[in-house]
Every structure is written in C-alpha cells, then in structure tokens.
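Notes follow once the structure below has been shown.
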Amino acid sequence: ALPIFTANGVEYFNTFGGNPVSCAVGLAVLDVIEKENLQDHAAQVGTFLIELLNQQKEKHPVIGDVRGVGLFIGVDLIKDVKNRTPATEEAEYVIQRMKKEYIILSTDGPGRSEE
C-alpha cells in the first residue's frame with residue numbers, strides 16, 4: 001500500500017476495480033457524455049454561471065473571489081477585503097439556504113468559506 005494511505009490509518013479498498021460490469025457501465029457513461037456533448041455544455045453553462053457570480057461579486061463584498069472551469073466552480077467568501085478573513089458562518093448559511101432550493105454545494109478551504 002502507498003504510504004500516503006497507511007500513514008494516517010486509512011486503507012484503500014475497491015470491490016469494483018476491474019469488474020467487467022463496472023467497466024461496461026463506465027464505457028456506457030462515457031458514450032453518453034460524448035454523444036450528448038456534455039463536456040461542451042458544462043463549459044458553456046459554467047462560463048455563464050461564473051459571469052453571473054462575478055456580477056454578484058460587484059454587489060456583495062463578501063464574495064472575495066470566483067474561479068473555476070466548467071461546472072467546477074469555487075466562490076471564496078470573506079469578511080473583509082484587506083485581511084481576507086474567511087466568512088465561515090456566511091458560507092454555512094449559503095450552503096444550508098441553497099439546500100432548501102435542492103442545490104447541493106459544499107465548503108472547502110482553511111476557513112470552510114469556499115463554496
């Protein structure tokens with residue numbers, strides 16, 4: 001096992017690796033992604049979303065940064081521009097509020113303030 005997995009007591013185990021059924025499912029998913037042009041669609045929607053989020057950044061100083069590619073987007077929430085203090089409570093509020101709208105987000109980063 002790799003030291004990175006064993007040093008902290010975590011063991012990696014996978015029952016699906018190499019399973020013919022799992023491989024067939026994976027290939028079918030890749031076919032749908034290609035046939036339905038989902039990568040390009042994600043890029044277009046992501047670009048549009050980043051533009052909208054940057055418009056919100058102009059209105060709301062709590063948004064410190066918006067970045068990403070496709071639909072993998074990060075929004076950094078901060079308490080103040082100068083020190084860039086993480087807005088942890090505000091981020092948690094946004095996460096919970098969006099969940100009520102059936103939109104799943106998560107926090108990340110040192111202050112759990114990146115969505």
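Going by the structure tokens order, chains are called A, B, ..., each with residues numbered from 1, while ligands are numbered from 1 in the order shown.
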Would you give me, as a PDB file with N, CA, C and O atoms, in the first residue's frame, the residues in segment 45-104 of chain A that DSSP reads as strand (DSSP E)?
```
ATOM      1  N   ILE A  63     -18.140  38.309  -1.301  1.00  0.00           N
ATOM      2  CA  ILE A  63     -17.568  37.441  -2.338  1.00  0.00           C
ATOM      3  C   ILE A  63     -16.164  37.945  -2.651  1.00  0.00           C
ATOM      4  O   ILE A  63     -15.986  38.995  -3.257  1.00  0.00           O
ATOM      5  N   GLY A  64     -15.176  37.177  -2.217  1.00  0.00           N
ATOM      6  CA  GLY A  64     -13.789  37.590  -2.397  1.00  0.00           C
ATOM      7  C   GLY A  64     -13.206  37.166  -3.724  1.00  0.00           C
ATOM      8  O   GLY A  64     -12.371  37.858  -4.294  1.00  0.00           O
ATOM      9  N   ASP A  65     -13.650  36.025  -4.241  1.00  0.00           N
ATOM     10  CA  ASP A  65     -13.103  35.525  -5.498  1.00  0.00           C
ATOM     11  C   ASP A  65     -14.074  34.518  -6.101  1.00  0.00           C
ATOM     12  O   ASP A  65     -14.808  33.842  -5.380  1.00  0.00           O
ATOM     13  N   VAL A  66     -14.067  34.469  -7.423  1.00  0.00           N
ATOM     14  CA  VAL A  66     -14.842  33.478  -8.168  1.00  0.00           C
ATOM     15  C   VAL A  66     -13.878  32.866  -9.176  1.00  0.00           C
ATOM     16  O   VAL A  66     -13.206  33.579  -9.908  1.00  0.00           O
ATOM     17  N   ARG A  67     -13.797  31.538  -9.188  1.00  0.00           N
ATOM     18  CA  ARG A  67     -12.876  30.886 -10.127  1.00  0.00           C
ATOM     19  C   ARG A  67     -13.392  29.491 -10.462  1.00  0.00           C
ATOM     20  O   ARG A  67     -14.212  28.942  -9.727  1.00  0.00           O
ATOM     21  N   GLY A  68     -12.908  28.955 -11.538  1.00  0.00           N
ATOM     22  CA  GLY A  68     -13.294  27.597 -11.887  1.00  0.00           C
ATOM     23  C   GLY A  68     -13.228  27.327 -13.367  1.00  0.00           C
ATOM     24  O   GLY A  68     -12.932  28.205 -14.174  1.00  0.00           O
ATOM     25  N   VAL A  69     -13.538  26.080 -13.708  1.00  0.00           N
ATOM     26  CA  VAL A  69     -13.587  25.625 -15.088  1.00  0.00           C
ATOM     27  C   VAL A  69     -14.814  24.746 -15.226  1.00  0.00           C
ATOM     28  O   VAL A  69     -15.057  23.865 -14.394  1.00  0.00           O
ATOM     29  N   PHE A  72     -17.066  23.124 -12.292  1.00  0.00           N
ATOM     30  CA  PHE A  72     -16.267  23.004 -11.080  1.00  0.00           C
ATOM     31  C   PHE A  72     -15.851  24.414 -10.698  1.00  0.00           C
ATOM     32  O   PHE A  72     -14.859  24.952 -11.186  1.00  0.00           O
ATOM     33  N   ILE A  73     -16.661  25.050  -9.852  1.00  0.00           N
ATOM     34  CA  ILE A  73     -16.528  26.475  -9.563  1.00  0.00           C
ATOM     35  C   ILE A  73     -16.310  26.688  -8.069  1.00  0.00           C
ATOM     36  O   ILE A  73     -16.945  26.035  -7.240  1.00  0.00           O
ATOM     37  N   GLY A  74     -15.432  27.616  -7.738  1.00  0.00           N
ATOM     38  CA  GLY A  74     -15.193  27.994  -6.351  1.00  0.00           C
ATOM     39  C   GLY A  74     -15.549  29.447  -6.139  1.00  0.00           C
ATOM     40  O   GLY A  74     -15.234  30.303  -6.967  1.00  0.00           O
ATOM     41  N   VAL A  75     -16.221  29.721  -5.032  1.00  0.00           N
ATOM     42  CA  VAL A  75     -16.558  31.087  -4.635  1.00  0.00           C
ATOM     43  C   VAL A  75     -15.986  31.278  -3.238  1.00  0.00           C
ATOM     44  O   VAL A  75     -16.382  30.584  -2.302  1.00  0.00           O
ATOM     45  N   ASP A  76     -15.053  32.202  -3.112  1.00  0.00           N
ATOM     46  CA  ASP A  76     -14.398  32.471  -1.838  1.00  0.00           C
ATOM     47  C   ASP A  76     -15.186  33.546  -1.108  1.00  0.00           C
ATOM     48  O   ASP A  76     -15.366  34.652  -1.632  1.00  0.00           O
ATOM     49  N   LEU A  77     -15.684  33.227   0.089  1.00  0.00           N
ATOM     50  CA  LEU A  77     -16.420  34.201   0.894  1.00  0.00           C
ATOM     51  C   LEU A  77     -15.506  34.731   1.992  1.00  0.00           C
ATOM     52  O   LEU A  77     -14.874  33.962   2.705  1.00  0.00           O
TER      53      LEU A  77
END
```
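Neighbours of His60 of chain A closer than or equal to 12 Å, with only C-alpha atoms counted and sequence neighbours fewer than 5 positions away skipped, come out as Leu53, Asn54, Gln55, Asp65, Asp76, Leu77, Ile78, Lys79, Asp80 and Val81 of chain A.
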Pull the alpha helix (DSSP H) assignments for chain A out of DSSP run on the backbone, and list those residues as a PyMOL selection string. chain A and resi 3-6+20-35+38-59+88-100
What is the atom CA of Gly26 of chain A-atom CA of Ala42 of chain A distance in Å, reported with one decimal? 19.1 Å
Report the distance between atom CA of Val32 of chain A and atom CA of Tyr102 of chain A in Å, rounded to one decimal place. 24.6 Å
